[in-house]
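A.B. asks: Quick one: the structure is below, questions incoming.
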There are 4 protein chains.
Amino acid sequence: MILILRTDAGEEEIAEVVRRLEAEGLRAHVSRGVERTVVGVLGHDTERAYALAALPQVEQAVPVKHPYKLASREFHPDDTLVRVGEHVVFGGQQVVLMAGPCAVESEEQLMAAAESVARAGGTVLRGGAFKPRTSPYSFQGLGLKGLELLDQARRRYGLAIVTEAMDEEGLRAVAEVADMVQIGARNMQNFSLLRACGRIDKPILLKRGLSATIEEWLLAAEYIMAGGNHQVVLCERGIRTYETKTRNTLDLSAVPVIQHLSHLPIVVDPSHGTGSWQYVGPMARAGVAAGADGVIMEIHPNPSEALSDGPQSLNLPTFERLAAELKAVAQAIGRYI
Amino acid sequence: MILILRTDAGEEEIAEVVRRLEAEGLRAHVSRGVERTVVGVLGHDTERAYALAALPQVEQAVPVKHPYKLASREFHPDDTLVRVGEHVVFGGQQVVLMAGPCAVESEEQLMAAAESVARAGGTVLRGGAFKPRTSPYSFQGLGLKGLELLDQARRRYGLAIVTEAMDEEGLRAVAEVADMVQIGARNMQNFSLLRACGRIDKPILLKRGLSATIEEWLLAAEYIMAGGNHQVVLCERGIRTYETKTRNTLDLSAVPVIQHLSHLPIVVDPSHGTGSWQYVGPMARAGVAAGADGVIMEIHPNPSEALSDGPQSLNLPTFERLAAELKAVAQAIGRYI
Amino acid sequence: MILILRTDAGEEEIAEVVRRLEAEGLRAHVSRGVERTVVGVLGHDTERAYALAALPQVEQAVPVKHPYKLASREFHPDDTLVRVGEHVVFGGQQVVLMAGPCAVESEEQLMAAAESVARAGGTVLRGGAFKPRTSPYSFQGLGLKGLELLDQARRRYGLAIVTEAMDEEGLRAVAEVADMVQIGARNMQNFSLLRACGRIDKPILLKRGLSATIEEWLLAAEYIMAGGNHQVVLCERGIRTYETKTRNTLDLSAVPVIQHLSHLPIVVDPSHGTGSWQYVGPMARAGVAAGADGVIMEIHPNPSEALSDGPQSLNLPTFERLAAELKAVAQAIGRYI
Amino acid sequence: MILILRTDAGEEEIAEVVRRLEAEGLRAHVSRGVERTVVGVLGHDTERAYALAALPQVEQAVPVKHPYKLASREFHPDDTLVRVGEHVVFGGQQVVLMAGPCAVESEEQLMAAAESVARAGGTVLRGGAFKPRTSPYSFQGLGLKGLELLDQARRRYGLAIVTEAMDEEGLRAVAEVADMVQIGARNMQNFSLLRACGRIDKPILLKRGLSATIEEWLLAAEYIMAGGNHQVVLCERGIRTYETKTRNTLDLSAVPVIQHLSHLPIVVDPSHGTGSWQYVGPMARAGVAAGADGVIMEIHPNPSEALSDGPQSLNLPTFERLAAELKAVAQAIGRYI
């Protein structure tokens, strides 16, 4: 932590800052510049110095280290590999192809999608059983019946399953069936749920919050990891900006930034990221080229009849053609799908 | 719902849209403009037409009615009054003054703050027992012990109590003690928790999510109201923008917009809204002048020693002087504190 | 400037940073923390150290002083008073009431608005002669004819005139007629135009850019002041956010932040800030309560026939009632209109 | 244009809207839904109906057509090819590689960069002679001397030249020397400068404004095209969001969105888009994979000594390795560099 003092801070005010730090068991390194005095805070747990920003002579407190540890590449320099189901590994040379409907609607719908995923070379089937919907009047998912259908699809097509849990009760149900548990964007800072994820032994797909900074996102991962579960895969799914031609703005720069700051794998979701099926292909290709460890997409046998997110779902033939394109891009950067 | 078709949509494509709407039990009102054809969707539950935006001939689907009902002023034209504790009413002529520490830290700290609130003419004491913290390593609150202290402060100073619940288990504990339950910004779209709030008989203080639109915020209120609990007070606490001189950007225009769209009371939180004690006073005055039904502020007997949010907390003398200013502003617009 | 080094920076890499600083005539103050080494940069013109962030061992460069000087309160502790016309002063006890149509459309329209401004106690008439319009096909203003009408209105009603200049040629024309020259939000970083403003002897009303940080805004003022013209009044007019119920988000916290960082007067524009006439009144009141030195509003004798910005314009009776409310709020905080 | 009326709009209020439209020479198509009445506006120049949103019975005015024409794909379905210099074409199968220093600093620096561009297979050299700097105290570019050096570099290495113009006077100077004129992000809505660009016969590289919507960006292109110059190439360079780990957020979804809405070529700038040299490579690859018609990057023989933007500049060996990667990605999607 560095404390930047106000220009007019006098000697007594500087001394007060030093005393206050020492009282907290910290040391002060005072640097008198031409225009300002800066106080470097040394010691363990320097975060405690943050409250000193409430003193009138302190202009600003600037942290110098990352607030997350377990999620940090400084702490764990090598890439983490996260295994999902029997065959899928995130974080290695393979780019994982994940797809499926937004919501599980029926056996027919789910099996058609699952078959398409398998045919396209995908290894993970997504599908919501418990749906977090903005309106209480929208379709809320099939619940346990949806989980059963996902379980059937897995067995029939040999795919790993990822589906969302919205609360602790749902987490227990989902963790029994799914190979990977999704925590949605709206729950990225549901700290009680994150702690519960830390206590289970299933990999977590942690979506970025709608306006979460990358630091907050890594701290959400830290909540899970601090509880003992280190199997976390991050998912960039678009952030909220002023632009209205897309539902969200897919922040692909999160891919290299996360890879710089953290050892955790990261995948991208161009469906939520754009909100429009016609933009999914280019952004999926871009995600692979940026170095993402996987791509997750919404597909539907008949998008214009979908109970949720139809406009951003690819139909099955379009998805399968896209999968072939993604393989070529992966190969161009020395990876494979 | 209105469907705006692409310029090149032909007669057969228009007819397909009409057929699809009729198959859903809806009626189509086709309007052929110079450049585009627009299809008005008539009938009940016109939201079902949304998925048709997945059709290639549909450029855009534009909703024409608000997706919330119970929270809407169209549904309930008169202002709603929400009673908290025995004496406090939100939504009438009185502007409710609420203050207290970010986190309950000790009996001494809480009682000093509570005494100041009472002396300043405030009627509601805030204070966190369960704290949602961005980092798992930050102080997480005193939990049940904090609730006990709040209960004591209420009895000693005759103040109503508001405190946050972060999950269903905490909600049960908080609802037993508090006069009003706060749902924090990070849980504004924790739909399971919102539904649980709908099943209790305590007023809810629903903070706006960090990047929630006003529509999403009203839909969060709708989740609570649809469950049977109509005692909802909204709290504007700043939204996330690119500006870095303030922690958030306090969106005071939310006050008149909510009052236009909804009958629910709305209060403002200039402490989280600005993140800096020196900006709290002007923004509290502005909130009252904008027509807010209350102001909620963080205060601390010694901000530079606070365990959380010290830099945005007012010390007690500054708070009490501000309370006098707020009374003058309230009076100037025909209200009182 | 402070350089925060990467955790793995070795002694040789630290020494390289020190050497590079010394080669630039700067001094290094090295602070070895538990987890990181931090290098304080001492000397004049420490900004030159910024490029060192390109070195791999440097994680981040953090400036410790404001990049603006003339606009800074540290440089000029007392409030600046800006005189406009013969009678108007910004930055003192008086809150300046400014109003007028978005665009000058006709003599009849302008005189009706001007008469209303005078009757309401306003002292400055606004009105666009050269209009920066998002579309090349929208009404672009009356140009020189508009300036003539403004000149007539001034003489007839004794009001000071403010109107926008969009380029250097227009600046010459505007500066001849107007008492104050407006630089619009879209030109806030038109540095050539700012420099030209620095060479004239007329006060400038500098609107905040649509997504300008407060620091960038003060640097825009610095461009004008560095050229020799210190008569700058800042105007907060709403920033771009994700919210769609308002045209922009009026950032009223800019008022206390600017007053903290700078000595320049600041006014608020609730018309552009909200985009909707029904929200102008509450936000104008809030602006005055926040401590703004003035309020500027769009009014029109017949808003639904306006050639631009009709939906955000107040009609004349509503404006005059609002002016009375603003006087009461100003009085409540010890100022007057 | 569609006018959505308020729920409580009565028959007389509906009739007033119809009358007002007819008085403007427009026709009204009234559609009475269960909850609201919607009025479709038919005729030419339906934009004139926008001011009717000032009527109290009108809730919202929704445009149904794009406000730009010449830039629209509906108007011009085929991709536009823009020729720059003698050999470069934007909008075809080739992905154009553009690079060079942020600012031209010296002959030595520029020639080293130019040689690297040529060696890497690039065809366009960028370099600022007139620099728009946030602070008046930063290096403002070499001006005419910089243009001369660019001219020399072109002749020596056979590259086309692109450089920025900041005002009309600079535009004349730049247009004489450069093969393509850049309009920077901060001038994207400098309408006087855009009009001047419309009058010259040089291709324009139009950067997206820091917080410009895609619609505003296309309208800026429309200003240039309406003046007679149809040679416009758009450049996505990152937009302003709340994220602080990157300087801007590179909105790659702008690539498919622009290609959907417009026929103009679009390139991406990952240097300004990320602000950090270590993220430029992944985002350049992503830009090519998304389908951009070119990539423009900042390079420098010695980034840590650059007079501007050092931290986001690639050194020459890194740039040349990246160019090879970009060729592989281009090939994977059926294009070439």
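Within each chain, counting starts at residue 1; across the structure tokens, chains are named A, B, ... in the order shown, with ligands numbered 1 upward in that order.
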Pick out each residue of stretch 123-243 of chain B that DSSP on the backbone tags as strand (DSSP E); I need them as a PyMOL selection string.

C.D. replies: chain B and resi 124-126+160-164+180-183+204-207+232-236

A.B. asks: Quick one: residues within 9 Å of stretch 220-234 of chain B, only C-alpha atoms, excluding same-chain residues fewer than 2 positions away - as a ChimeraX atom specification?

C.D. replies: /A:134-137 /B:68-72,80-83,90-91,188-191,194-208,215-218,236,258,264-268

A.B. asks: Distance limit 12 Å, atoms considered: only C-alpha atoms. Which chain C residues sit that close to chain A? Return them as a count of residues only.

C.D. replies: 60

A.B. asks: Near A:Ala160, within 7 Å and counting only C-alpha atoms, which residues show up once chain neighbours fewer than 2 positions away are dropped, as a PyMOL selection string?

C.D. replies: chain A and resi 84-85+123-125+154+158+162+179

A.B. asks: Using all heavy atoms, can you write the selected residues to a file as a compact mmCIF listing (two decimals), in the first residue's frame?

C.D. replies:
```txt
# COMPACT_ATOMS: atom_id res chain seq x y z
N VAL A 84 -12.64 -32.24 -16.33
CA VAL A 84 -14.10 -32.27 -16.23
C VAL A 84 -14.57 -33.58 -16.83
O VAL A 84 -14.25 -33.88 -17.99
CB VAL A 84 -14.72 -31.06 -16.96
CG1 VAL A 84 -16.22 -31.19 -17.06
CG2 VAL A 84 -14.35 -29.76 -16.23
N GLY A 85 -15.32 -34.34 -16.05
CA GLY A 85 -15.74 -35.66 -16.52
C GLY A 85 -14.51 -36.52 -16.72
O GLY A 85 -13.46 -36.33 -16.10
N THR A 123 -17.18 -31.58 -26.66
CA THR A 123 -17.02 -32.56 -25.58
C THR A 123 -17.85 -32.22 -24.35
O THR A 123 -17.97 -33.03 -23.45
CB THR A 123 -15.53 -32.67 -25.17
OG1 THR A 123 -15.03 -31.35 -24.94
CG2 THR A 123 -14.72 -33.33 -26.26
N VAL A 124 -18.41 -31.02 -24.31
CA VAL A 124 -19.20 -30.62 -23.14
C VAL A 124 -20.56 -30.13 -23.62
O VAL A 124 -20.64 -29.32 -24.55
CB VAL A 124 -18.50 -29.50 -22.33
CG1 VAL A 124 -19.35 -29.10 -21.13
CG2 VAL A 124 -17.11 -29.95 -21.88
N LEU A 125 -21.63 -30.62 -22.96
CA LEU A 125 -22.99 -30.18 -23.26
C LEU A 125 -23.45 -29.21 -22.18
O LEU A 125 -23.37 -29.52 -21.00
CB LEU A 125 -23.93 -31.40 -23.27
CG LEU A 125 -25.42 -31.10 -23.49
CD1 LEU A 125 -25.70 -30.57 -24.89
CD2 LEU A 125 -26.26 -32.36 -23.21
N ARG A 154 -25.97 -37.14 -21.41
CA ARG A 154 -24.57 -37.49 -21.18
C ARG A 154 -24.31 -38.94 -21.51
O ARG A 154 -23.36 -39.29 -22.21
CB ARG A 154 -24.20 -37.22 -19.73
CG ARG A 154 -22.85 -37.86 -19.39
CD ARG A 154 -22.37 -37.48 -18.03
NE ARG A 154 -23.45 -37.64 -17.07
CZ ARG A 154 -23.46 -37.13 -15.87
NH1 ARG A 154 -22.44 -36.40 -15.48
NH2 ARG A 154 -24.46 -37.32 -15.07
N GLY A 158 -22.00 -39.45 -24.54
CA GLY A 158 -20.63 -39.42 -24.01
C GLY A 158 -20.08 -38.03 -23.79
O GLY A 158 -18.86 -37.81 -23.86
N VAL A 162 -22.39 -29.46 -18.16
CA VAL A 162 -22.27 -28.29 -17.30
C VAL A 162 -23.63 -27.61 -17.22
O VAL A 162 -24.30 -27.43 -18.23
CB VAL A 162 -21.19 -27.30 -17.80
CG1 VAL A 162 -21.49 -26.77 -19.19
CG2 VAL A 162 -21.04 -26.14 -16.82
N ASP A 179 -21.08 -32.67 -14.37
CA ASP A 179 -19.63 -32.83 -14.30
C ASP A 179 -18.96 -31.51 -13.92
O ASP A 179 -17.81 -31.49 -13.50
CB ASP A 179 -19.10 -33.29 -15.66
CG ASP A 179 -19.71 -34.62 -16.05
OD1 ASP A 179 -19.41 -35.63 -15.40
OD2 ASP A 179 -20.55 -34.62 -16.98
```
